[in-house]
file target-v3.txt (compact mmCIF, C-alpha atoms)
# COMPACT_ATOMS: atom_id res chain seq x y z
CA MET A 28 -3.01 7.70 -16.85
CA THR A 29 -1.34 8.56 -13.60
CA ARG A 30 -3.19 10.96 -11.36
CA SER A 31 -2.69 12.23 -7.91
CA TRP A 32 -4.85 13.78 -5.28
CA ALA A 33 -3.40 16.42 -2.96
CA THR A 34 -5.79 15.73 -0.10
CA MET A 35 -8.29 13.14 1.05
CA GLU A 36 -11.03 15.69 0.26
CA ASP A 37 -9.86 15.82 -3.37
CA PHE A 38 -9.78 12.03 -3.53
CA GLU A 39 -13.27 11.70 -2.04
CA ALA A 40 -14.62 14.34 -4.44
CA PHE A 41 -13.15 12.29 -7.29
CA LEU A 42 -14.91 9.17 -5.95
CA ASP A 43 -18.21 11.01 -5.38
CA ASP A 44 -18.00 12.15 -8.99
CA GLY A 45 -18.00 8.51 -10.11
CA GLY A 46 -14.21 8.32 -10.62
CA LEU A 47 -12.60 4.89 -10.99
CA VAL A 48 -9.31 4.21 -9.21
CA GLU A 49 -6.74 2.04 -11.03
CA ALA A 50 -4.01 -0.15 -9.52
CA ASP A 51 -1.16 2.25 -10.40
CA ASP A 52 -2.90 5.37 -9.06
CA PRO A 53 -1.34 6.92 -5.94
CA MET A 54 -4.46 6.24 -3.84
CA PRO A 55 -4.57 7.14 -0.13
CA ASP A 56 -3.24 4.28 1.97
CA ALA A 57 -6.46 3.98 3.99
CA TYR A 58 -8.39 3.42 0.74
CA ARG A 59 -5.82 0.88 -0.45
CA GLN A 60 -6.07 -1.06 2.81
CA ALA A 61 -9.89 -0.99 2.83
CA VAL A 62 -10.32 -2.12 -0.76
CA PHE A 63 -7.62 -4.77 -0.30
CA ALA A 64 -9.27 -6.21 2.84
CA PHE A 65 -12.62 -6.34 1.04
CA ILE A 66 -11.24 -8.14 -2.03
CA GLU A 67 -9.09 -10.49 0.08
CA MET A 68 -12.17 -11.61 2.01
CA HIS A 69 -14.06 -12.13 -1.24
CA ALA A 70 -11.14 -14.15 -2.68
CA ASN A 71 -10.89 -16.28 0.47
CA SER A 72 -14.62 -16.94 0.37
CA GLU A 73 -14.50 -18.08 -3.26
CA LEU A 74 -11.69 -20.51 -2.43
CA MET A 75 -13.40 -21.87 0.71
CA GLY A 76 -16.68 -22.13 -1.21
CA GLY A 77 -14.96 -23.97 -4.05
CA LEU A 78 -13.48 -26.49 -1.63
CA THR A 79 -16.93 -27.10 -0.11
CA GLU A 80 -18.38 -27.57 -3.55
CA ARG A 81 -15.60 -30.02 -4.41
CA ASP A 82 -16.49 -32.17 -1.39
CA TRP A 83 -19.89 -32.77 -2.98
CA ILE A 84 -18.71 -33.91 -6.43
CA PRO A 85 -18.69 -37.62 -5.50
CA LYS A 86 -21.95 -37.33 -3.53
CA THR A 87 -24.02 -35.36 -6.04
CA PRO A 88 -26.96 -37.45 -7.37
CA GLY A 89 -27.19 -37.95 -11.13
CA LEU A 90 -24.65 -37.35 -13.88
CA ARG A 91 -26.15 -34.06 -15.07
CA HIS A 92 -25.97 -32.47 -11.63
CA LYS A 93 -22.57 -34.01 -10.98
CA MET A 94 -21.19 -32.34 -14.11
CA ALA A 95 -22.76 -29.07 -13.05
CA VAL A 96 -21.09 -29.33 -9.62
CA LEU A 97 -17.76 -30.00 -11.32
CA ALA A 98 -18.20 -26.87 -13.42
CA LYS A 99 -19.29 -24.84 -10.40
CA THR A 100 -16.24 -25.98 -8.43
CA GLN A 101 -14.00 -24.85 -11.25
CA ASP A 102 -15.87 -21.51 -11.38
CA GLU A 103 -15.37 -20.84 -7.67
CA ILE A 104 -11.67 -21.70 -7.75
CA GLY A 105 -11.38 -19.61 -10.94
CA HIS A 106 -12.99 -16.66 -9.12
CA GLY A 107 -10.41 -17.12 -6.39
CA HIS A 108 -7.64 -16.89 -9.01
CA LEU A 109 -9.09 -13.69 -10.49
CA LEU A 110 -9.60 -12.03 -7.12
CA TYR A 111 -6.24 -12.99 -5.59
CA MET A 112 -4.59 -11.46 -8.67
CA VAL A 113 -6.57 -8.21 -8.31
CA ALA A 114 -5.82 -8.15 -4.56
CA ALA A 115 -2.09 -8.88 -5.06
CA ASP A 116 -1.81 -5.97 -7.52
CA LEU A 117 -2.68 -3.62 -4.64
CA GLY A 118 0.73 -4.45 -3.19
CA VAL A 119 -0.42 -5.07 0.38
CA LYS A 120 0.20 -8.83 0.47
CA THR A 121 1.37 -11.33 -2.11
CA ARG A 122 -0.90 -14.17 -3.20
CA VAL A 123 1.11 -16.64 -1.09
CA GLU A 124 0.91 -14.38 1.98
CA MET A 125 -2.87 -14.18 1.57
CA LEU A 126 -3.16 -17.96 1.33
CA GLU A 127 -0.87 -18.51 4.32
CA ASP A 128 -2.96 -16.09 6.38
CA LEU A 129 -6.14 -17.88 5.34
CA PHE A 130 -4.83 -21.32 6.25
CA ALA A 131 -3.46 -20.05 9.57
CA GLY A 132 -6.88 -18.58 10.46
CA ARG A 133 -5.51 -15.02 10.40
CA SER A 134 -7.84 -13.67 7.71
CA ARG A 135 -11.58 -13.82 7.18
CA PHE A 136 -13.96 -15.56 4.83
CA HIS A 137 -17.76 -15.43 4.64
CA ASN A 138 -19.77 -16.75 7.58
CA VAL A 139 -21.62 -19.37 5.53
CA PHE A 140 -18.43 -21.35 4.98
CA HIS A 141 -18.02 -21.79 8.74
CA TYR A 142 -20.93 -24.25 8.79
CA ARG A 143 -21.02 -27.85 7.69
CA ALA A 144 -23.17 -29.04 4.79
CA VAL A 145 -24.55 -32.34 6.10
CA THR A 146 -27.13 -33.42 3.50
CA TRP A 147 -27.80 -32.91 -0.19
CA GLY A 148 -30.64 -30.65 0.96
CA ASP A 149 -28.00 -28.42 2.61
CA GLN A 150 -26.12 -28.25 -0.64
CA VAL A 151 -29.31 -27.21 -2.45
CA ALA A 152 -30.08 -24.60 0.21
CA ILE A 153 -26.55 -23.22 -0.16
CA ALA A 154 -26.73 -23.16 -3.94
CA PHE A 155 -30.04 -21.33 -3.83
CA LEU A 156 -30.08 -19.10 -0.74
CA VAL A 157 -26.38 -18.45 -0.20
CA ASP A 158 -25.46 -17.99 -3.85
CA ALA A 159 -28.43 -15.63 -4.20
CA ALA A 160 -27.27 -13.63 -1.18
CA ALA A 161 -23.73 -13.46 -2.56
CA LEU A 162 -25.09 -12.43 -5.96
CA ILE A 163 -27.25 -9.64 -4.48
CA SER A 164 -24.31 -8.19 -2.55
CA GLN A 165 -21.89 -8.53 -5.50
CA GLN A 166 -24.35 -6.83 -7.85
CA ALA A 167 -24.60 -3.92 -5.42
CA VAL A 168 -20.80 -3.63 -5.32
CA PHE A 169 -20.45 -3.92 -9.09
CA LYS A 170 -23.06 -1.24 -9.77
CA ASN A 171 -20.99 1.60 -8.40
CA CYS A 172 -17.60 0.26 -7.29
CA SER A 173 -14.83 2.87 -7.32
CA TYR A 174 -11.97 0.38 -7.72
CA GLY A 175 -11.76 -0.30 -11.46
CA PRO A 176 -9.96 -3.67 -11.52
CA TYR A 177 -12.41 -5.13 -8.99
CA LYS A 178 -15.45 -3.74 -10.80
CA ARG A 179 -14.31 -5.25 -14.10
CA ILE A 180 -13.56 -8.68 -12.65
CA LEU A 181 -16.92 -8.67 -10.83
CA ARG A 182 -18.75 -8.45 -14.14
CA ARG A 183 -17.42 -11.87 -15.03
CA ILE A 184 -17.93 -13.35 -11.57
CA ILE A 185 -21.54 -12.13 -11.40
CA ALA A 186 -22.36 -13.72 -14.76
CA GLU A 187 -21.14 -17.08 -13.48
CA GLU A 188 -22.79 -16.74 -10.07
CA GLY A 189 -26.03 -16.24 -12.01
CA PHE A 190 -25.62 -19.74 -13.49
CA HIS A 191 -25.06 -21.13 -10.00
CA MET A 192 -28.17 -19.50 -8.59
CA ARG A 193 -30.35 -20.77 -11.43
CA LEU A 194 -28.85 -24.21 -10.93
CA GLY A 195 -29.71 -23.97 -7.23
CA GLU A 196 -33.28 -22.94 -8.02
CA ASP A 197 -33.60 -25.83 -10.46
CA ARG A 198 -32.52 -28.27 -7.74
CA MET A 199 -34.76 -26.64 -5.16
CA LEU A 200 -37.78 -26.97 -7.47
CA ARG A 201 -36.94 -30.61 -8.05
CA ILE A 202 -36.97 -31.21 -4.30
CA ALA A 203 -40.10 -29.09 -3.78
CA GLU A 204 -41.92 -31.24 -6.33
CA GLY A 205 -40.45 -34.44 -4.90
CA THR A 206 -41.47 -36.96 -2.24
CA ASP A 207 -42.46 -36.07 1.33
CA ARG A 208 -39.06 -37.28 2.46
CA GLN A 209 -37.28 -34.97 0.02
CA ARG A 210 -39.43 -32.06 1.11
CA LEU A 211 -38.71 -32.79 4.75
CA MET A 212 -34.98 -32.96 4.00
CA PHE A 213 -35.09 -29.54 2.37
CA GLN A 214 -37.18 -28.07 5.21
CA GLU A 215 -34.51 -29.25 7.67
CA SER A 216 -31.82 -27.69 5.48
CA LEU A 217 -33.78 -24.46 5.31
CA ASN A 218 -33.96 -24.47 9.11
CA ARG A 219 -30.16 -24.75 9.25
CA TRP A 220 -29.27 -22.31 6.45
CA PHE A 221 -31.88 -19.55 6.47
CA TRP A 222 -30.22 -17.51 9.20
CA PRO A 223 -26.59 -17.96 8.12
CA ALA A 224 -27.59 -16.97 4.56
CA LEU A 225 -29.42 -13.89 5.86
CA GLN A 226 -26.42 -12.95 8.01
CA LEU A 227 -24.10 -13.05 5.00
CA PHE A 228 -25.11 -9.41 4.47
CA GLY A 229 -23.80 -8.49 7.92
CA PRO A 230 -25.38 -6.28 10.56
CA ASP A 231 -26.82 -2.86 9.67
CA SER A 232 -24.15 -0.62 8.11
CA GLU A 233 -22.51 1.91 10.41
CA SER A 234 -23.27 5.52 9.51
CA ASP A 235 -19.54 6.24 9.00
CA ASP A 236 -18.75 3.05 7.01
CA VAL A 237 -15.75 3.93 4.81
CA LEU A 238 -16.69 1.19 2.35
CA LEU A 239 -19.82 3.20 1.57
CA ARG A 240 -18.13 6.59 1.75
CA TRP A 241 -15.48 5.49 -0.75
CA HIS A 242 -17.99 3.80 -3.05
CA ILE A 243 -16.51 0.36 -2.62
CA LYS A 244 -19.99 -0.75 -1.59
CA SER A 245 -22.95 1.14 -3.00
CA GLU A 246 -25.78 0.04 -0.73
CA ARG A 247 -26.23 -0.46 2.97
CA ASN A 248 -26.18 -3.98 4.40
CA GLU A 249 -29.74 -3.75 5.71
CA VAL A 250 -31.05 -2.67 2.30
CA LEU A 251 -29.44 -5.67 0.60
CA ARG A 252 -30.60 -8.04 3.34
CA ASP A 253 -34.16 -6.75 2.98
CA ARG A 254 -34.02 -7.24 -0.80
CA TRP A 255 -33.12 -10.88 -0.22
CA VAL A 256 -35.87 -11.36 2.38
CA GLN A 257 -38.59 -9.82 0.19
CA ARG A 258 -37.57 -12.01 -2.70
CA PHE A 259 -36.99 -15.37 -1.03
CA VAL A 260 -39.49 -15.49 1.82
CA PRO A 261 -42.55 -15.47 -0.50
CA MET A 262 -40.82 -17.78 -2.97
CA LEU A 263 -40.02 -20.43 -0.35
CA GLN A 264 -43.52 -20.13 1.12
CA SER A 265 -45.10 -20.56 -2.31
CA TYR A 266 -43.30 -23.91 -2.60
CA GLY A 267 -44.83 -24.94 0.73
CA PHE A 268 -41.80 -24.50 2.98
CA THR A 269 -41.82 -22.83 6.39
CA ILE A 270 -39.46 -19.95 7.15
CA PRO A 271 -37.69 -20.74 10.46
CA ALA A 272 -38.38 -17.28 11.90
CA PRO A 273 -41.00 -17.49 14.68
CA ASP A 274 -41.31 -13.69 14.98
CA MET A 275 -41.72 -13.10 11.26
CA ARG A 276 -44.78 -11.11 10.28
CA TRP A 277 -46.32 -9.42 7.27
CA ASP A 278 -46.21 -5.65 7.62
CA ALA A 279 -49.41 -4.66 5.83
CA VAL A 280 -48.58 -0.96 6.01
CA ARG A 281 -45.13 -1.16 4.46
CA HIS A 282 -46.22 -4.16 2.41
CA ARG A 283 -43.13 -6.14 3.41
CA TRP A 284 -42.03 -9.20 5.32
CA ASP A 285 -40.37 -8.42 8.64
CA VAL A 286 -38.24 -11.33 9.90
CA GLY A 287 -38.10 -9.97 13.45
CA SER A 288 -35.04 -9.41 15.58
CA ILE A 289 -31.81 -11.03 14.40
CA ASP A 290 -29.36 -12.76 16.75
CA TRP A 291 -25.93 -11.63 15.55
CA GLU A 292 -23.91 -13.78 17.96
CA PRO A 293 -23.50 -16.68 15.46
CA LEU A 294 -22.08 -14.22 12.90
CA LYS A 295 -19.64 -12.78 15.41
CA ARG A 296 -18.43 -16.26 16.28
CA THR A 297 -17.74 -17.07 12.63
CA LEU A 298 -15.80 -13.83 12.20
CA ALA A 299 -13.57 -14.95 15.08
CA GLN A 300 -13.08 -18.37 13.38
CA GLY A 301 -15.30 -19.88 16.09
CA GLY A 302 -18.17 -21.11 13.93
CA PRO A 303 -19.50 -24.68 14.18
CA ASP A 304 -17.22 -25.97 11.41
CA SER A 305 -14.51 -23.27 11.26
CA SER A 306 -11.54 -25.23 12.52
CA ARG A 307 -12.23 -28.29 10.36
CA ARG A 308 -12.78 -26.13 7.27
CA ILE A 309 -9.55 -24.21 7.77
CA ARG A 310 -7.58 -27.39 8.53
CA GLU A 311 -9.00 -29.10 5.41
CA ALA A 312 -8.11 -26.11 3.26
CA ALA A 313 -4.58 -26.04 4.69
CA ASP A 314 -4.17 -29.81 4.17
CA ASN A 315 -5.38 -29.43 0.62
CA TRP A 316 -2.78 -26.68 0.08
CA SER A 317 0.06 -28.90 1.29
CA ARG A 318 -1.21 -31.98 -0.58
CA THR A 319 -1.15 -30.02 -3.85
CA ALA A 320 2.38 -28.63 -3.37
CA TRP A 321 3.63 -30.98 -6.11
CA VAL A 322 1.26 -29.35 -8.62
CA ARG A 323 2.59 -25.90 -7.80
CA ALA A 324 6.15 -27.21 -7.97
CA ALA A 325 5.49 -28.62 -11.44
CA LEU A 326 4.00 -25.30 -12.56
CA SER A 327 6.80 -23.20 -11.03
CA ASP A 328 9.86 -21.85 -12.83
CA ASN A 329 11.98 -24.86 -11.88
CA GLY A 330 9.28 -27.42 -12.59
CA ALA A 331 8.42 -25.96 -15.97
CA ALA A 332 12.12 -25.91 -16.93
CA ALA A 333 12.56 -29.53 -15.85
CA ASN A 334 9.59 -30.53 -18.00
CA GLY A 335 10.98 -28.75 -21.01
CA ALA A 336 8.08 -26.32 -21.28
CA GLY A 337 10.28 -23.53 -22.52
CA ASN A 338 9.25 -20.03 -23.41
CA GLY A 339 8.41 -19.20 -26.98
CA SER A 340 7.67 -22.81 -27.89
CA THR A 341 4.01 -22.09 -28.50
CA SER A 342 2.61 -20.23 -31.44
CA THR A 343 -0.29 -17.96 -30.55
CA GLY A 344 -1.44 -17.69 -34.13
CA GLY A 345 -1.05 -13.92 -34.18
CA SER A 346 -3.99 -11.57 -34.59
CA MET B 26 6.85 -16.68 -11.78
CA ARG B 27 5.85 -13.76 -13.97
CA VAL B 28 2.69 -11.73 -14.30
CA TYR B 29 0.93 -11.86 -17.68
CA GLU B 30 -1.83 -9.58 -18.90
CA VAL B 31 -4.61 -11.46 -20.70
CA PHE B 32 -6.41 -10.26 -23.83
CA VAL B 33 -9.39 -11.97 -25.46
CA LYS B 34 -11.13 -11.40 -28.78
CA LYS B 35 -14.74 -12.40 -29.08
CA ASP B 36 -15.34 -12.66 -32.82
CA GLY B 37 -14.41 -11.17 -36.18
CA ARG B 38 -15.87 -7.76 -35.37
CA ASN B 39 -14.59 -6.80 -31.94
CA GLU B 40 -11.13 -5.71 -30.85
CA PHE B 41 -8.93 -7.64 -28.46
CA ARG B 42 -9.98 -6.70 -24.99
CA HIS B 43 -8.01 -6.74 -21.75
CA VAL B 44 -9.74 -9.13 -19.32
CA GLY B 45 -7.28 -9.42 -16.42
CA ALA B 46 -3.97 -10.89 -15.37
CA LEU B 47 -2.41 -14.07 -14.02
CA GLU B 48 0.88 -15.51 -12.76
CA ALA B 49 2.71 -18.21 -14.68
CA ALA B 50 6.24 -19.58 -15.05
CA THR B 51 6.28 -19.78 -18.87
CA ASP B 52 4.43 -18.44 -21.92
CA GLU B 53 2.94 -21.85 -22.57
CA LEU B 54 1.64 -22.26 -19.01
CA ALA B 55 0.28 -18.70 -19.14
CA LEU B 56 -1.84 -19.67 -22.16
CA VAL B 57 -3.11 -22.81 -20.45
CA LEU B 58 -4.01 -20.93 -17.25
CA ALA B 59 -5.61 -18.09 -19.21
CA ARG B 60 -7.83 -20.56 -21.03
CA GLU B 61 -8.86 -22.26 -17.77
CA VAL B 62 -9.45 -19.06 -15.80
CA TYR B 63 -10.82 -16.65 -18.43
CA LEU B 64 -12.28 -18.76 -21.24
CA ARG B 65 -14.37 -21.55 -19.75
CA ARG B 66 -17.58 -20.54 -21.52
CA ALA B 67 -16.58 -19.54 -25.05
CA GLU B 68 -15.91 -15.93 -24.02
CA GLY B 69 -13.66 -15.56 -27.02
CA ASP B 70 -11.98 -17.44 -29.84
CA ARG B 71 -8.60 -15.69 -29.79
CA LEU B 72 -6.29 -15.28 -26.84
CA TRP B 73 -3.19 -13.19 -26.23
CA VAL B 74 -1.05 -13.21 -23.11
CA VAL B 75 1.57 -10.50 -22.72
CA ARG B 76 4.21 -10.36 -20.04
CA ARG B 77 3.42 -7.37 -17.86
CA ASP B 78 7.06 -6.24 -17.94
CA HIS B 79 6.88 -6.17 -21.75
CA VAL B 80 3.96 -3.74 -21.82
CA VAL B 81 5.11 -0.26 -22.80
CA ALA B 82 2.88 2.12 -20.84
CA ALA B 83 2.73 5.86 -21.49
CA PRO B 84 4.13 7.77 -18.53
CA GLY B 85 2.27 10.29 -16.40
CA ASP B 86 0.40 12.94 -18.35
CA PHE B 87 1.75 11.86 -21.76
CA VAL B 88 -1.72 11.58 -23.33
CA ASP B 89 -3.46 14.30 -21.31
CA PRO B 90 -2.91 17.22 -23.76
CA ASN B 91 -5.17 15.56 -26.32
CA ALA B 92 -8.15 16.02 -24.02
CA ASP B 93 -8.02 19.73 -24.87
CA LYS B 94 -8.24 19.96 -28.67
CA PRO B 95 -11.81 20.91 -29.56
CA HIS B 96 -10.78 21.74 -33.14
CA ARG B 97 -10.36 17.98 -33.69
CA HIS B 98 -14.05 17.46 -33.15
CA HIS B 99 -17.15 19.00 -34.65
CA ASP B 100 -20.42 18.74 -32.79
CA GLY B 101 -22.43 20.11 -35.72
CA ALA B 102 -24.33 22.54 -33.45
CA ALA B 103 -23.80 25.63 -35.62
CA VAL B 104 -24.93 23.84 -38.79
CA ALA B 105 -27.96 22.38 -37.02
CA ALA B 106 -28.98 25.81 -35.72
CA ARG B 107 -28.79 27.33 -39.20
CA ARG B 108 -30.83 24.48 -40.68
CA MET B 109 -33.42 24.91 -37.97
CA ALA B 110 -33.59 28.64 -38.63
CA ALA B 111 -33.94 28.02 -42.37
CA ARG B 112 -36.83 25.58 -41.79
CA GLN B 113 -38.66 28.00 -39.52
CA SER B 114 -38.34 31.10 -41.67
CA PRO B 115 -41.18 31.39 -44.26
CA SER B 116 -39.76 31.01 -47.75
call {"tool": "encode", "arguments": {"input": "target-v3.txt", "output": "C-alpha cells"}}
result
Amino acid sequence: MTRSWATMEDFEAFLDDGGLVEADDPMPDAYRQAVFAFIEMHANSELMGGLTERDWIPKTPGLRHKMAVLAKTQDEIGHGHLLYMVAADLGVKTRVEMLEDLFAGRSRFHNVFHYRAVTWGDQVAIAFLVDAAALISQQAVFKNCSYGPYKRILRRIIAEEGFHMRLGEDRMLRIAEGTDRQRLMFQESLNRWFWPALQLFGPDSESDDVLLRWHIKSERNEVLRDRWVQRFVPMLQSYGFTIPAPDMRWDAVRHRWDVGSIDWEPLKRTLAQGGPDSSRRIREAADNWSRTAWVRAALSDNGAAANGAGNGSTSTGGS
Amino acid sequence: MRVYEVFVKKDGRNEFRHVGALEAATDELALVLAREVYLRRAEGDRLWVVRRDHVVAAPGDFVDPNADKPHRHHDGAAVAARRMAARQSPS
C-alpha cells in the first residue's frame, strides 16, 4: 500500500489515529530523520553492548554462565544486525556509513556503554539494572510505535532482552546470597552503576518532543525512569543493598520512592563522547571492525565467488 | 551484496511469516545469516529467503478498491434482529 499525506497535519492525524508508517511510504522528511536517528542510536548501542559483553566471555565464572554470556553476546550483535537493516531501509545512511560514523565518534550510543565494567559485580549490575532499564524503555516504544518495521523488530528484541534481564537477576541473587566479599563487590558495583542506569532514560521529556508527538516514543522519560526506580529500589533494598542516593526518601503521601535531584552532567559528557571510557570503547570497536575485515571480505560478492559459494546451489526444501 | 527478505514458518499450522530482511552476497550465505540472526531459539522450522528485487509488489492503490465491497461480507445483523424479535414475541 502506498499512501501519501498532503500536509504535516494530515500525517500527524494519521499517527494520532494509531496509523503505522512503512518504509516505502512518502513520510515527511522530518519524521524520517527523527525515526532514523532513534533507530541508529539503538543499533549502535546494541553493537557497543555486544562488544562489552564479548569482553567478559573469558572472564565469566562457571561454564553455565559462560555459555549464557556467549548467547547474550550473539543476541546483542544480532539485534545490531536487525536494527541496522531497519535503519538502512529508511535511506538516510547505508549500514557502512552508520558504522563509520560510530567508529569515528560522530554518532551516539547509550550512556551506559561509556563506562568501564571493572569487576564481575559490574557485569551483574549491568545485566540486571541496565538491561532492565533498556527493556522498560523498549517496551514503552514497542507499545505504540508508529514506525511499523521498528515496532515489529522490537517484538523480537524485547523477548530476548527479557532472557538477559532474568539472567541478570539470577546472577544478582547468587551474589546477594553469597559471601560478605561477594556482597561487598556487588554493593561497590551498585554504587558505580545505579546512576548511569537511571540516566539511561534521559532527562525529563521536553513538552514539544517530536518523538512523543509522532508516536515514536509513547511515554515520557520521567515516567519510565520512575517506573524503574519504583521497581528496583525496593528490590535491591530487600536483598540488603544500599541505594547510593543520599537524598533519597520515601514519599508517604504519593507512596513512592523519590531519589532526589539528579546530576545530569555525567550524561551530557557521555553524549559528547566524553564519558570515563568513551574513547577506549570507540577505539576498541573501530579496531575490532578493522581486525574483522577479512570476514567481511570472505562474505562479500568477491569472497563468496572465490570460495565457490554460488547462487542456487542450496535447496531450500520448498514449502 | 543484495537485500533478502526473510520468511519463517513456525509449525504445520501457521503460514510463512515475514520477519525482516538482511544483506548477503549469495543465496547460500543469506540462508546462513538468516538462521543466525532470526532463528537462534527455534522460532521456526522452515525458512525462506527471497531477494528483495524479486518480490513483485502491487503498485499504489491496486488493492484499495476491495476495501469498499460490503456485499462480499455479511455481518448477520438483520438475521440476528429477526431472531431476537421472534424470541421476544409471545407465541
call {"tool": "interface_residues", "arguments": {"input": "target-v3.txt", "of": "chain B", "to": "chain A", "cutoff": "6 Å", "atoms": "only C-alpha atoms", "output": "MDAnalysis selection string"}}
result
chainID B and resid 50:52 62 85
call {"tool": "atom_distance", "arguments": {"input": "target-v3.txt", "atom1": "CA of Tyr63 in chain B", "atom2": "CA of Thr121 in chain A"}}
result
21.1 Å
call {"tool": "residues_near_point", "arguments": {"input": "target-v3.txt", "point": "(-14.6, -12.1, 7.6)", "cutoff": "10 Å", "atoms": "only C-alpha atoms", "output": "list of chain:residue names"}}
result
A:Ala64, A:Phe65, A:Glu67, A:Met68, A:His69, A:Asn71, A:Ser72, A:Arg133, A:Ser134, A:Arg135, A:Phe136, A:His137, A:Asn138, A:Leu227, A:Gly229, A:Leu294, A:Lys295, A:Thr297, A:Leu298, A:Ala299, A:Gln300
call {"tool": "atom_distance", "arguments": {"input": "target-v3.txt", "atom1": "CA of Leu263 in chain A", "atom2": "CA of Val145 in chain A"}}
result
20.6 Å
call {"tool": "atom_distance", "arguments": {"input": "target-v3.txt", "atom1": "CA of Gln209 in chain A", "atom2": "CA of Gly302 in chain A"}}
result
27.4 Å
call {"tool": "residues_around", "arguments": {"input": "target-v3.txt", "residues": "range 42-46 of chain B", "least_positions_apart": "6", "cutoff": "6 Å", "atoms": "only C-alpha atoms", "output": "tab-separated table (two decimals) with C-alpha atoms, in the frame of the given file"}}
result
chain	number	residue	atom	x	y	z
B	29	TYR	CA	0.93	-11.86	-17.68
B	30	GLU	CA	-1.83	-9.58	-18.90
B	31	VAL	CA	-4.61	-11.46	-20.70
B	32	PHE	CA	-6.41	-10.26	-23.83
B	33	VAL	CA	-9.39	-11.97	-25.46
call {"tool": "residues_around", "arguments": {"input": "target-v3.txt", "residues": "range 256-261 of chain A", "least_positions_apart": "2", "cutoff": "9 Å", "atoms": "all atoms listed in the file", "output": "list in words"}}
result
Leu156, Leu225, Leu251, Arg252, Asp253, Arg254, Leu263, Gln264, Ser265, Tyr266, Thr269, Ile270, Arg283, Trp284, Asp285 and Val286 of chain A
